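*Asks:* My file is coords_8.txt. It has compact mmCIF, C-alpha atoms and all ligand atoms:
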# COMPACT_ATOMS: atom_id res chain seq x y z
CA MET A 1 -35.56 -2.29 17.16
CA THR A 2 -32.64 0.13 17.44
CA ALA A 3 -32.36 2.60 14.63
CA SER A 4 -29.05 2.52 12.83
CA VAL A 5 -27.88 4.51 9.86
CA ASN A 6 -25.18 3.88 7.32
CA ALA A 7 -22.62 6.06 9.03
CA PRO A 8 -18.89 5.28 9.21
CA LEU A 9 -17.96 2.84 11.96
CA ASN A 10 -16.63 4.10 15.23
CA SER A 11 -13.79 1.77 16.09
CA ARG A 12 -11.72 3.99 18.37
CA GLY A 13 -10.43 2.09 21.36
CA LYS A 14 -13.06 -0.65 21.16
CA LEU A 15 -10.72 -3.58 21.48
CA ALA A 16 -8.36 -1.92 23.91
CA SER A 17 -11.19 -1.14 26.31
CA SER A 18 -12.49 -4.70 26.09
CA LEU A 19 -9.16 -6.35 26.95
CA PRO A 20 -8.56 -7.51 30.52
CA ALA A 21 -6.57 -4.77 32.29
CA GLU A 22 -3.63 -7.09 32.87
CA GLN A 23 -3.34 -8.08 29.22
CA LEU A 24 -3.66 -4.48 28.07
CA ALA A 25 -0.93 -3.42 30.53
CA GLU A 26 1.33 -6.17 29.24
CA ILE A 27 0.81 -5.14 25.61
CA SER A 28 1.18 -1.43 26.37
CA GLU A 29 4.48 -2.25 28.07
CA LEU A 30 5.76 -4.01 24.97
CA PHE A 31 5.16 -0.79 23.03
CA GLU A 32 6.56 1.43 25.75
CA PHE A 33 9.79 -0.51 26.20
CA ARG A 34 10.39 -1.13 22.52
CA ARG A 35 14.14 -0.74 22.02
CA LYS A 36 14.73 1.98 19.44
CA GLY A 37 16.85 0.93 16.49
CA TYR A 38 16.02 -2.73 17.03
CA SER A 39 13.52 -5.05 15.42
CA LEU A 40 10.35 -5.65 17.41
CA ASP A 41 9.76 -8.30 20.04
CA ALA A 42 8.34 -11.54 18.69
CA PRO A 43 4.69 -11.00 19.78
CA PHE A 44 4.42 -8.03 17.40
CA TYR A 45 4.79 -10.51 14.56
CA THR A 46 3.05 -13.54 16.04
CA ASP A 47 0.40 -12.55 18.57
CA ALA A 48 -3.28 -12.54 17.59
CA THR A 49 -4.22 -9.82 20.10
CA ILE A 50 -1.54 -7.45 18.82
CA PHE A 51 -2.78 -8.15 15.31
CA LYS A 52 -6.29 -7.11 16.42
CA ILE A 53 -4.84 -3.94 17.92
CA ASP A 54 -3.02 -3.28 14.61
CA MET A 55 -6.31 -3.62 12.76
CA GLU A 56 -8.01 -1.23 15.14
CA ALA A 57 -5.27 1.34 15.69
CA ILE A 58 -3.62 1.37 12.27
CA PHE A 59 -5.97 -0.03 9.63
CA GLY A 60 -9.05 1.19 11.52
CA GLN A 61 -7.82 4.76 11.92
CA HIS A 62 -5.60 5.72 9.01
CA TRP A 63 -5.86 6.28 5.27
CA ILE A 64 -5.21 2.97 3.56
CA PHE A 65 -4.24 2.53 -0.09
CA ALA A 66 -6.97 0.44 -1.75
CA ALA A 67 -6.55 0.52 -5.53
CA SER A 68 -5.89 2.84 -8.44
CA ILE A 69 -8.55 4.44 -10.55
CA ALA A 70 -7.42 2.27 -13.48
CA GLU A 71 -8.90 -0.71 -11.61
CA LEU A 72 -12.37 0.93 -11.76
CA PRO A 73 -12.53 2.64 -15.14
CA GLU A 74 -16.35 2.73 -15.53
CA ALA A 75 -19.27 3.64 -13.28
CA GLY A 76 -20.35 0.47 -11.45
CA ASP A 77 -16.88 -1.09 -11.48
CA TYR A 78 -15.75 -2.23 -8.06
CA VAL A 79 -12.99 -3.98 -6.17
CA THR A 80 -13.33 -5.58 -2.77
CA VAL A 81 -10.41 -5.09 -0.41
CA ASP A 82 -10.04 -7.06 2.79
CA TYR A 83 -7.83 -6.36 5.74
CA GLY A 84 -8.01 -8.46 8.85
CA PRO A 85 -11.69 -8.85 9.67
CA TYR A 86 -12.78 -5.97 7.43
CA SER A 87 -14.06 -6.25 3.89
CA LEU A 88 -14.75 -3.10 1.91
CA ILE A 89 -16.40 -2.51 -1.45
CA VAL A 90 -14.71 0.29 -3.40
CA LEU A 91 -17.14 1.29 -6.14
CA ARG A 92 -16.87 3.84 -8.94
CA ASN A 93 -20.04 5.94 -8.97
CA ASP A 94 -21.83 7.76 -11.78
CA ASP A 95 -20.17 11.11 -11.17
CA GLY A 96 -16.68 9.61 -11.41
CA GLY A 97 -16.12 9.55 -7.64
CA VAL A 98 -15.78 6.53 -5.41
CA ASN A 99 -18.10 5.05 -2.76
CA VAL A 100 -16.67 2.84 -0.05
CA LEU A 101 -19.11 0.47 1.66
CA HIS A 102 -18.63 -2.20 4.27
CA ASN A 103 -19.17 -5.52 2.55
CA VAL A 104 -21.48 -6.79 5.30
CA CYS A 105 -25.18 -7.23 4.60
CA ARG A 106 -27.42 -5.45 7.08
CA HIS A 107 -29.80 -8.40 7.19
CA ARG A 108 -27.73 -11.21 8.66
CA GLY A 109 -24.25 -10.14 7.78
CA ALA A 110 -23.48 -12.08 4.60
CA ARG A 111 -20.71 -10.82 2.29
CA VAL A 112 -22.64 -8.85 -0.31
CA LEU A 113 -20.07 -8.98 -3.12
CA THR A 114 -17.93 -12.09 -3.17
CA GLU A 115 -15.69 -11.45 -6.19
CA PRO A 116 -12.41 -9.53 -5.81
CA ALA A 117 -13.45 -7.23 -8.68
CA GLY A 118 -16.29 -6.77 -11.12
CA SER A 119 -19.04 -4.47 -12.28
CA THR A 120 -22.47 -4.02 -10.76
CA GLY A 121 -25.54 -1.79 -10.79
CA ASN A 122 -27.37 -2.25 -7.54
CA LEU A 123 -25.74 -4.52 -4.99
CA VAL A 124 -27.74 -7.66 -4.34
CA CYS A 125 -26.89 -9.88 -1.37
CA GLY A 126 -26.72 -13.51 -2.47
CA TYR A 127 -28.44 -14.82 0.65
CA HIS A 128 -31.95 -13.29 0.77
CA SER A 129 -31.59 -10.75 -2.03
CA TRP A 130 -31.57 -7.55 0.00
CA THR A 131 -30.74 -4.95 -2.61
CA TYR A 132 -28.69 -1.80 -2.09
CA SER A 133 -28.08 1.18 -4.32
CA PRO A 134 -24.45 1.97 -5.29
CA GLU A 135 -24.57 4.54 -2.45
CA GLY A 136 -25.38 1.72 -0.03
CA ASN A 137 -29.03 2.59 0.59
CA LEU A 138 -31.29 -0.40 1.11
CA ILE A 139 -33.80 -0.13 -1.71
CA HIS A 140 -35.46 -3.53 -1.65
CA ALA A 141 -35.94 -6.30 0.90
CA SER A 142 -38.14 -9.06 -0.46
CA ALA A 143 -41.11 -10.15 1.70
CA PRO A 144 -39.96 -8.67 4.99
CA GLY A 145 -43.16 -10.02 6.58
CA GLU A 146 -44.91 -8.20 9.35
CA THR A 147 -41.74 -6.95 11.07
CA LYS A 148 -41.86 -3.19 11.38
CA PHE A 149 -39.09 -2.23 9.09
CA ASP A 150 -37.62 1.10 8.16
CA LYS A 151 -35.37 0.52 5.17
CA GLY A 152 -33.69 3.86 5.81
CA CYS A 153 -32.08 2.38 8.92
CA PHE A 154 -30.42 -0.53 7.15
CA GLY A 155 -28.13 0.82 4.50
CA LEU A 156 -24.64 -0.63 4.06
CA LYS A 157 -22.22 1.11 6.40
CA ARG A 158 -20.05 3.62 4.64
CA ALA A 159 -16.41 4.54 4.95
CA HIS A 160 -14.43 7.54 3.73
CA SER A 161 -12.58 7.70 0.45
CA ARG A 162 -10.10 9.99 -1.27
CA VAL A 163 -8.83 9.90 -4.81
CA VAL A 164 -5.53 11.72 -5.34
CA ALA A 165 -3.60 11.58 -8.61
CA GLY A 166 -5.62 8.50 -9.51
CA LEU A 167 -4.86 6.60 -6.30
CA ILE A 168 -7.80 5.57 -4.12
CA PHE A 169 -7.49 5.67 -0.36
CA VAL A 170 -10.06 4.52 2.17
CA CYS A 171 -10.49 5.22 5.86
CA ILE A 172 -13.00 3.55 8.15
CA ALA A 173 -12.47 5.85 11.13
CA ASP A 174 -15.21 8.30 12.09
CA GLU A 175 -12.78 11.14 11.69
CA PRO A 176 -9.91 10.39 9.33
CA PRO A 177 -6.56 12.00 10.10
CA ALA A 178 -6.64 15.51 8.63
CA ASP A 179 -2.99 15.69 7.70
CA PHE A 180 -3.57 13.47 4.67
CA ASP A 181 -4.39 16.74 2.89
CA GLU A 182 -0.82 17.87 3.46
CA THR A 183 0.58 14.54 2.31
CA ALA A 184 -1.58 14.64 -0.81
CA LYS A 185 -0.20 18.12 -1.59
CA ILE A 186 3.30 16.65 -1.42
CA PHE A 187 2.78 13.72 -3.78
CA GLU A 188 0.20 15.03 -6.23
CA PRO A 189 2.65 17.11 -8.33
CA TYR A 190 5.06 14.15 -8.61
CA LEU A 191 2.40 11.67 -9.77
CA ALA A 192 -0.09 13.75 -11.75
CA PRO A 193 2.09 13.97 -14.92
CA HIS A 194 1.81 10.17 -15.25
CA ASP A 195 -2.01 10.57 -15.46
CA LEU A 196 -3.42 7.34 -14.07
CA SER A 197 -6.85 8.21 -15.49
CA LYS A 198 -5.43 7.31 -18.90
CA THR A 199 -3.93 3.97 -17.89
CA LYS A 200 -5.17 0.39 -17.83
CA ILE A 201 -4.20 -2.74 -15.95
CA ALA A 202 -1.68 -4.81 -17.86
CA TYR A 203 -1.40 -7.36 -15.07
CA GLN A 204 -2.28 -7.84 -11.42
CA GLN A 205 -0.59 -10.30 -9.11
CA ASN A 206 -1.89 -11.39 -5.70
CA ILE A 207 0.58 -13.21 -3.45
CA VAL A 208 -0.22 -14.48 0.02
CA GLU A 209 2.94 -14.20 2.07
CA GLU A 210 3.30 -16.27 5.22
CA GLY A 211 4.36 -13.22 7.19
CA ASN A 212 3.02 -10.48 9.43
CA TRP A 213 2.18 -7.29 7.51
CA LYS A 214 4.90 -5.35 9.36
CA LEU A 215 7.56 -7.78 8.15
CA VAL A 216 6.36 -7.21 4.58
CA MET A 217 6.68 -3.46 5.04
CA GLU A 218 10.03 -3.72 6.83
CA ASN A 219 11.43 -5.82 4.01
CA ASN A 220 10.34 -3.24 1.48
CA ARG A 221 12.01 -0.36 3.31
CA GLU A 222 15.61 -1.39 2.80
CA CYS A 223 17.93 -2.56 0.07
CA TYR A 224 20.46 -4.13 2.46
CA HIS A 225 19.17 -7.45 1.09
CA CYS A 226 19.24 -6.38 -2.58
CA ASP A 227 22.03 -8.85 -3.38
CA GLY A 228 19.12 -11.27 -3.28
CA HIS A 229 17.46 -9.51 -6.25
CA PRO A 230 19.68 -10.18 -9.30
CA GLU A 231 16.95 -9.22 -11.80
CA LEU A 232 16.13 -5.98 -10.00
CA ALA A 233 19.80 -5.07 -9.60
CA CYS A 234 20.05 -4.67 -13.39
CA SER A 235 17.99 -1.47 -13.30
CA LEU A 236 17.53 -0.44 -9.66
CA PHE A 237 20.82 0.76 -8.26
CA PRO A 238 21.51 -1.53 -5.30
CA THR A 239 22.99 1.44 -3.46
CA TRP A 240 19.48 2.55 -2.55
CA GLY A 241 19.35 3.68 1.08
CA LEU A 242 23.14 4.11 1.25
CA THR A 243 24.95 7.41 1.65
CA GLU A 244 28.55 8.50 1.09
CA GLY A 245 30.76 6.67 3.56
CA LEU A 246 28.49 3.62 3.71
CA ILE A 247 29.34 2.20 0.31
CA PRO A 248 30.84 -1.30 0.46
CA ALA A 249 33.86 -1.87 -1.83
CA HIS A 250 31.91 -4.09 -4.25
CA LEU A 251 29.39 -1.28 -4.88
CA GLU A 252 31.78 1.65 -5.34
CA GLU A 253 31.61 1.52 -9.10
CA VAL A 254 27.81 1.27 -9.00
CA TRP A 255 27.68 4.23 -6.62
CA ASP A 256 29.64 6.41 -9.07
CA ARG A 257 27.36 5.39 -11.93
CA ASN A 258 24.32 6.09 -9.78
CA LYS A 259 25.56 9.59 -8.86
CA GLU A 260 26.18 10.44 -12.48
CA ALA A 261 22.80 9.08 -13.61
CA GLN A 262 21.04 10.95 -10.80
CA SER A 263 22.56 14.30 -11.69
CA SER A 264 21.66 13.94 -15.36
CA LEU A 265 18.09 12.88 -14.36
CA GLU A 266 17.78 15.94 -12.14
CA GLU A 267 18.92 18.15 -14.96
CA ARG A 268 16.20 16.70 -17.22
CA CYS A 269 13.57 17.09 -14.49
CA ARG A 270 14.49 20.76 -14.07
CA ARG A 271 14.16 21.24 -17.81
CA TYR A 272 10.69 19.67 -17.85
CA GLY A 273 9.53 21.22 -14.57
CA LEU A 274 9.12 17.83 -12.88
CA PRO A 275 9.76 17.60 -9.13
CA TYR A 276 12.45 15.13 -8.08
CA GLU A 277 13.61 16.19 -4.61
CA VAL A 278 13.46 13.69 -1.78
CA VAL A 279 10.67 14.46 0.67
CA GLU A 280 10.97 12.17 3.63
CA GLU A 281 8.42 12.40 6.43
CA LEU A 282 8.02 8.76 7.28
CA ASP A 283 7.53 9.20 11.01
CA THR A 284 7.27 12.95 11.36
CA ARG A 285 3.66 13.14 10.22
CA ILE A 286 0.59 10.95 10.66
CA ALA A 287 0.14 10.28 6.95
CA GLY A 288 3.82 9.33 6.65
CA ILE A 289 5.43 9.59 3.23
CA ARG A 290 8.67 9.30 1.32
CA ILE A 291 8.78 10.40 -2.30
CA SER A 292 11.50 11.20 -4.82
CA ARG A 293 12.41 10.69 -8.43
CA GLU A 294 15.46 8.51 -8.75
CA SER A 295 17.60 7.35 -11.63
CA LEU A 296 17.59 3.83 -13.00
CA ASP A 297 20.68 2.04 -14.32
CA GLY A 298 21.38 1.32 -17.99
CA ASP A 299 19.15 3.35 -20.27
CA GLY A 300 17.42 4.77 -17.20
CA GLU A 301 13.92 4.28 -18.54
CA SER A 302 12.34 1.29 -16.86
CA PHE A 303 12.73 -1.94 -14.85
CA SER A 304 14.24 -4.03 -17.63
CA PRO A 305 17.58 -5.86 -17.82
CA ASP A 306 19.15 -2.94 -19.74
CA GLY A 307 16.98 -0.16 -18.30
CA HIS A 308 15.24 0.24 -21.65
CA ARG A 309 11.51 1.06 -21.90
CA LEU A 310 9.09 -1.86 -21.51
CA SER A 311 6.14 -0.15 -23.16
CA LYS A 312 6.39 2.01 -26.26
CA LYS A 313 3.67 4.41 -25.09
CA LEU A 314 4.55 7.29 -22.83
CA LEU A 315 2.19 7.95 -19.94
CA GLY A 316 0.22 11.18 -19.61
CA ASP A 317 1.99 14.26 -20.89
CA LEU A 318 5.47 13.06 -20.08
CA PRO A 319 8.04 14.43 -22.52
CA ASP A 320 10.74 11.78 -22.24
CA PHE A 321 11.20 8.08 -21.53
CA ARG A 322 14.37 8.65 -19.56
CA LEU A 323 12.82 9.70 -16.29
CA GLY A 324 13.92 6.91 -13.97
CA ARG A 325 11.36 6.05 -11.36
CA CYS A 326 9.28 8.27 -9.17
CA SER A 327 9.14 6.22 -6.02
CA MET A 328 6.70 6.70 -3.18
CA HIS A 329 6.19 5.01 0.12
CA LEU A 330 3.11 5.73 2.20
CA GLN A 331 2.45 4.54 5.71
CA PRO A 332 1.05 2.08 6.49
CA ASN A 333 0.54 -0.26 3.53
CA SER A 334 1.76 0.86 0.13
CA TRP A 335 4.60 1.74 -2.19
CA PHE A 336 4.73 2.72 -5.86
CA HIS A 337 7.07 3.05 -8.82
CA PHE A 338 6.02 5.54 -11.49
CA GLN A 339 8.12 5.24 -14.65
CA SER A 340 7.46 7.09 -17.90
CA ASP A 341 6.22 3.91 -19.64
CA HIS A 342 4.40 2.10 -16.83
CA VAL A 343 3.40 2.34 -13.19
CA ILE A 344 3.55 -0.37 -10.55
CA THR A 345 1.41 -0.13 -7.41
CA PHE A 346 1.95 -2.33 -4.37
CA GLY A 347 -0.58 -2.74 -1.56
CA VAL A 348 -0.29 -4.87 1.55
CA PHE A 349 -3.53 -6.24 2.98
CA PRO A 350 -3.07 -8.07 6.29
CA ILE A 351 -4.97 -11.35 6.62
CA ASN A 352 -4.00 -12.37 10.14
CA GLU A 353 -0.95 -12.12 12.38
CA HIS A 354 1.10 -14.45 10.18
CA GLN A 355 -0.27 -13.92 6.65
CA SER A 356 -0.52 -10.93 4.32
CA LEU A 357 -1.82 -10.42 0.82
CA VAL A 358 0.58 -8.43 -1.36
CA ARG A 359 -1.13 -7.05 -4.45
CA THR A 360 1.04 -5.76 -7.31
CA THR A 361 -0.54 -4.04 -10.29
CA TRP A 362 1.21 -3.05 -13.52
CA LEU A 363 -0.44 -0.15 -15.37
CA VAL A 364 0.32 0.96 -18.93
CA ALA A 365 -1.09 3.71 -21.15
CA ASP A 366 -4.70 2.88 -22.00
CA ASP A 367 -3.90 2.91 -25.73
CA ALA A 368 -0.92 0.58 -25.37
CA GLU A 369 -1.56 -2.72 -27.09
CA GLU A 370 -0.27 -5.96 -25.64
CA GLY A 371 2.03 -7.74 -28.08
CA VAL A 372 2.48 -4.54 -30.09
CA ASP A 373 3.52 -1.87 -27.61
CA TYR A 374 4.55 -4.15 -24.78
CA ASP A 375 5.32 -7.78 -24.08
CA LEU A 376 3.52 -8.80 -20.89
CA GLU A 377 6.18 -11.31 -19.82
CA LYS A 378 8.94 -8.74 -20.20
CA LEU A 379 6.89 -5.99 -18.57
CA THR A 380 6.26 -8.01 -15.42
CA TYR A 381 9.41 -10.15 -15.25
CA THR A 382 11.61 -8.09 -12.91
CA TRP A 383 9.04 -7.45 -10.23
CA LYS A 384 7.48 -10.90 -10.43
CA GLN A 385 10.91 -12.37 -9.66
CA THR A 386 11.62 -9.73 -7.03
CA ASN A 387 8.27 -10.27 -5.30
CA LEU A 388 8.92 -14.00 -5.03
CA GLN A 389 12.35 -13.35 -3.57
CA ASP A 390 10.90 -10.85 -1.09
CA LYS A 391 8.14 -13.29 -0.13
CA ALA A 392 10.86 -15.83 0.75
CA PHE A 393 12.79 -13.25 2.83
CA VAL A 394 9.66 -12.24 4.74
CA GLU A 395 8.80 -15.86 5.41
CA LEU A 396 12.29 -16.55 6.77
CA CYS A 397 11.77 -13.75 9.30
CA GLN A 398 8.28 -14.91 10.25
CA THR A 399 9.64 -18.37 10.96
CA GLY A 400 12.44 -16.83 13.01
CA ALA A 401 10.05 -14.70 15.06
CA GLY A 402 8.24 -17.89 16.03
CA SER A 403 11.38 -19.41 17.56
CA PRO A 404 11.97 -19.14 21.33
CA ALA A 405 15.55 -18.19 20.41
CA TYR A 406 14.46 -15.02 18.59
CA GLU A 407 15.35 -11.69 20.08
CA PRO A 408 15.27 -8.24 18.48
CA GLY A 409 18.39 -7.36 16.50
CA PRO A 410 19.84 -3.98 15.49
CA TYR A 411 18.84 -2.24 12.27
CA MET A 412 21.88 -1.14 10.24
CA LYS A 413 22.32 2.48 9.11
CA SER A 414 21.05 1.59 5.64
CA GLU A 415 17.88 0.30 7.33
CA TYR A 416 16.93 3.70 8.75
CA GLN A 417 13.64 3.65 6.85
CA VAL A 418 12.72 0.37 8.52
CA GLU A 419 13.27 2.08 11.86
CA ALA A 420 11.15 5.01 10.67
CA PHE A 421 8.33 2.66 9.73
CA ILE A 422 8.46 0.89 13.09
CA ASN A 423 8.74 4.18 14.96
CA TRP A 424 5.68 5.48 13.08
CA TYR A 425 3.77 2.29 13.92
CA VAL A 426 4.66 2.33 17.62
CA GLN A 427 3.72 6.00 17.96
CA ARG A 428 0.36 5.53 16.23
CA VAL A 429 -0.62 2.53 18.35
CA GLN A 430 0.46 4.24 21.56
CA GLU A 431 -1.63 7.29 20.70
CA HIS A 432 -4.58 5.01 20.10
CA LEU A 433 -4.17 3.08 23.33
CA ALA A 434 -3.58 6.22 25.43
S1 LIG A 501 -27.90 -11.86 4.78
FE1 LIG A 501 -28.03 -10.55 3.09
S2 LIG A 501 -30.09 -10.68 2.48
FE2 LIG A 501 -30.00 -12.00 4.19
FE FE A 502 13.45 -6.90 -1.65
Could you rewrite the structure in this file as structure tokens?
*Replies:*
Amino acid sequence: MTASVNAPLNSRGKLASSLPAEQLAEISELFEFRRKGYSLDAPFYTDATIFKIDMEAIFGQHWIFAASIAELPEAGDYVTVDYGPYSLIVLRNDDGGVNVLHNVCRHRGARVLTEPAGSTGNLVCGYHSWTYSPEGNLIHASAPGETKFDKGCFGLKRAHSRVVAGLIFVCIADEPPADFDETAKIFEPYLAPHDLSKTKIAYQQNIVEEGNWKLVMENNRECYHCDGHPELACSLFPTWGLTEGLIPAHLEEVWDRNKEAQSSLEERCRRYGLPYEVVEELDTRIAGIRISRESLDGDGESFSPDGHRLSKKLLGDLPDFRLGRCSMHLQPNSWFHFQSDHVITFGVFPINEHQSLVRTTWLVADDAEEGVDYDLEKLTYTWKQTNLQDKAFVELCQTGAGSPAYEPGPYMKSEYQVEAFINWYVQRVQEHLA
């Protein structure tokens, strides 16, 4: 029997080296000859082998957003997150940290925890009751018989985790990219004042979109399509992503209002010592990021029809409701809106080459009372509508990518962040395949 310990998986280059040379050359060529400034060739959105490479080179190597600490408030609370063939258990431990374990029993491979979230002491596999500690150590295997059996060799495999400003990130690579430390230093001061450790889930929505995970991310990185979001356009200035000289006539008035709101927001941020500057390193670092604090329309407080607050309780130590939204995008699978009254986290979890789970979670102050401090329908209305509209847009593109008539088209100037996302993706995969 080969000894095996519960070390992180080594996934580097496994799939690539197992592909027939001809197929690998063909796929590598698709990456190499990707036309800059254009959407990707169809196989990137439709091909099962490229999806496997994405799982290995992107989701198998990088820091992935999993959940927020509000989803695991007590020791023993867990969520399971799946991406492609992987399933991970993210578990709050006794000292307040997080353990990440592969959700694959070391007996015969059964899923150990089958619920998306819950609370547990030891982890008991439902098949033959192998029992693991919250650290993943195998502590009991009933009637193992006469097989020579060293329990120490059969713990659940572990993965890395990081908790920064209340956001939990996981990485299954042996050696996670080190530059996440730098990225964390960028976003921590923006997010910490909202204090996620003192928030609770008001609502969580899981949508399966019939679209490749990259189409979900591409759609999120531009507001060129924001005419399709009437509810969102009440509070989010639809000029997002545009710069002087790119403003269409019908948005000129909005642009002026946006500029005015932004300068008064910045003045308030300076007064309170809150960072607001745009930091944009979407494809210039491995843990790619964009973060800024941006004004909202109307009252400038939250995602409501008039921009007015949606929860009466301020988050953390924030001094003011009128703080717009602190918006963050992290490569490869998440984006966030931090307002003064609530936070919305978005995570994309690929299922296969043509389906993705999009998980949206609304967090409010932990002492906010539903029906008293906030109305759940009103709190979630804008983004529930927007998510459904985005799901439809993504699905239109997935259908298009499946047509023989599809060919890559040019990204517009206002879609430069889409290009940055794709450029980041292509670079990361090429590094992995090299
Ligand atoms: S597969 Fe888990 S105990 Fe047998
Ligand atoms: Fe959208």
*Asks:* Atom CA of Asp373 of chain A and atom CA of Leu191 of chain A are how many Å apart?
*Replies:*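 That distance, rounded to one decimal, is 22.4 Å.
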*Asks:* Please provide the set of residues having any atom within 10 Å of Arg290 of chain A, restricted to all atoms listed in the file, with same-chain residues fewer than 5 positions apart removed, written as a CSV table (one decimal) with C-alpha atoms, keeping the file's coordinate frame.
*Replies:*
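To be explicit, this is the file written out as selection-v4.csv:
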chain,number,residue,atom,x,y,z
A,183,THR,CA,0.6,14.5,2.3
A,186,ILE,CA,3.3,16.6,-1.4
A,187,PHE,CA,2.8,13.7,-3.8
A,278,VAL,CA,13.5,13.7,-1.8
A,279,VAL,CA,10.7,14.5,0.7
A,280,GLU,CA,11.0,12.2,3.6
A,281,GLU,CA,8.4,12.4,6.4
A,282,LEU,CA,8.0,8.8,7.3
A,283,ASP,CA,7.5,9.2,11.0
A,327,SER,CA,9.1,6.2,-6.0
A,328,MET,CA,6.7,6.7,-3.2
A,329,HIS,CA,6.2,5.0,0.1
A,330,LEU,CA,3.1,5.7,2.2
A,331,GLN,CA,2.4,4.5,5.7
A,335,TRP,CA,4.6,1.7,-2.2
A,417,GLN,CA,13.6,3.6,6.8
*Asks:* Which residues come within 8 Å of Ala365 of chain A, counting all atoms listed in the file, excluding same-chain residues fewer than 6 positions away, as number ranges by chain?
*Replies:* A: 198-200, 313-316, 341-342
*Asks:* Would you write out those residues with C-alpha atoms, as a PDB file, in the frame of the given file?
*Replies:*
ATOM      1  CA  LYS A 198      -5.430   7.310 -18.900  1.00  0.00           C
ATOM      2  CA  THR A 199      -3.930   3.970 -17.890  1.00  0.00           C
ATOM      3  CA  LYS A 200      -5.170   0.390 -17.830  1.00  0.00           C
ATOM      4  CA  LYS A 313       3.670   4.410 -25.090  1.00  0.00           C
ATOM      5  CA  LEU A 314       4.550   7.290 -22.830  1.00  0.00           C
ATOM      6  CA  LEU A 315       2.190   7.950 -19.940  1.00  0.00           C
ATOM      7  CA  GLY A 316       0.220  11.180 -19.610  1.00  0.00           C
ATOM      8  CA  ASP A 341       6.220   3.910 -19.640  1.00  0.00           C
ATOM      9  CA  HIS A 342       4.400   2.100 -16.830  1.00  0.00           C
TER      10      HIS A 342
END
*Asks:* Around the point (-7.1, 9.4, -3.2), in the coordinates given by the file, pick out the residues reaching within 10 Å, counting all atoms listed in the file, and return them as a list of chain:residue names.
*Replies:*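 The requested residues, written out, are A:Trp63, A:Ile64, A:Phe65, A:Ala66, A:Ala67, A:Ser68, A:Ile69, A:Val98, A:Ser161, A:Arg162, A:Val163, A:Val164, A:Ala165, A:Gly166, A:Leu167, A:Ile168, A:Phe169, A:Val170, A:Phe180, A:Asp181, A:Ala184, A:Glu188.
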*Asks:* So what do you get for atom CA of Asn219 of chain A versus atom CA of Phe44 of chain A, distance-wise?
*Replies:*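 So the answer is 15.3 Å.
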*Asks:* Please give me, as number ranges by chain, the residues lying within 12 Å of ligand FE 502 (chain A) when counting all atoms listed in the file.
*Replies:* A: 215-233, 236, 238, 240, 382-394
*Asks:* Pick out the residues no farther than 7 Å from ligand LIG 501 (chain A), counting only C-alpha atoms and all ligand atoms, and list them as a list in words.
*Replies:* Cys105, Arg106, His107, Arg108, Gly109, Ala110, Val112, Cys125, Gly126, Tyr127, His128, Ser129 and Trp130 of chain A
*Asks:* Write out, as a PDB file, keeping the file's coordinate frame, the residues just selected, with C-alpha atoms.
*Replies:*
ATOM      1  CA  CYS A 105     -25.180  -7.230   4.600  1.00  0.00           C
ATOM      2  CA  ARG A 106     -27.420  -5.450   7.080  1.00  0.00           C
ATOM      3  CA  HIS A 107     -29.800  -8.400   7.190  1.00  0.00           C
ATOM      4  CA  ARG A 108     -27.730 -11.210   8.660  1.00  0.00           C
ATOM      5  CA  GLY A 109     -24.250 -10.140   7.780  1.00  0.00           C
ATOM      6  CA  ALA A 110     -23.480 -12.080   4.600  1.00  0.00           C
ATOM      7  CA  VAL A 112     -22.640  -8.850  -0.310  1.00  0.00           C
ATOM      8  CA  CYS A 125     -26.890  -9.880  -1.370  1.00  0.00           C
ATOM      9  CA  GLY A 126     -26.720 -13.510  -2.470  1.00  0.00           C
ATOM     10  CA  TYR A 127     -28.440 -14.820   0.650  1.00  0.00           C
ATOM     11  CA  HIS A 128     -31.950 -13.290   0.770  1.00  0.00           C
ATOM     12  CA  SER A 129     -31.590 -10.750  -2.030  1.00  0.00           C
ATOM     13  CA  TRP A 130     -31.570  -7.550   0.000  1.00  0.00           C
TER      14      TRP A 130
END
*Asks:* Rebuild segment 334-339 of chain A so that it carries N, CA and C atoms, then output the result as a CSV table (one decimal), in the frame of the given file.
*Replies:*
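The result, stored in rebuild_27.csv:
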chain,number,residue,atom,x,y,z
A,334,SER,N,1.6,0.8,1.6
A,334,SER,CA,1.8,0.9,0.1
A,334,SER,C,3.1,1.5,-0.3
A,335,TRP,N,3.5,1.1,-1.5
A,335,TRP,CA,4.6,1.7,-2.2
A,335,TRP,C,4.3,1.7,-3.7
A,336,PHE,N,5.1,2.5,-4.4
A,336,PHE,CA,4.7,2.7,-5.9
A,336,PHE,C,6.0,3.0,-6.6
A,337,HIS,N,6.0,2.6,-7.9
A,337,HIS,CA,7.1,3.0,-8.8
A,337,HIS,C,6.4,3.6,-10.1
A,338,PHE,N,6.6,4.9,-10.3
A,338,PHE,CA,6.0,5.5,-11.5
A,338,PHE,C,7.1,5.8,-12.5
A,339,GLN,N,7.2,5.0,-13.6
A,339,GLN,CA,8.1,5.2,-14.6
A,339,GLN,C,7.4,6.0,-15.8
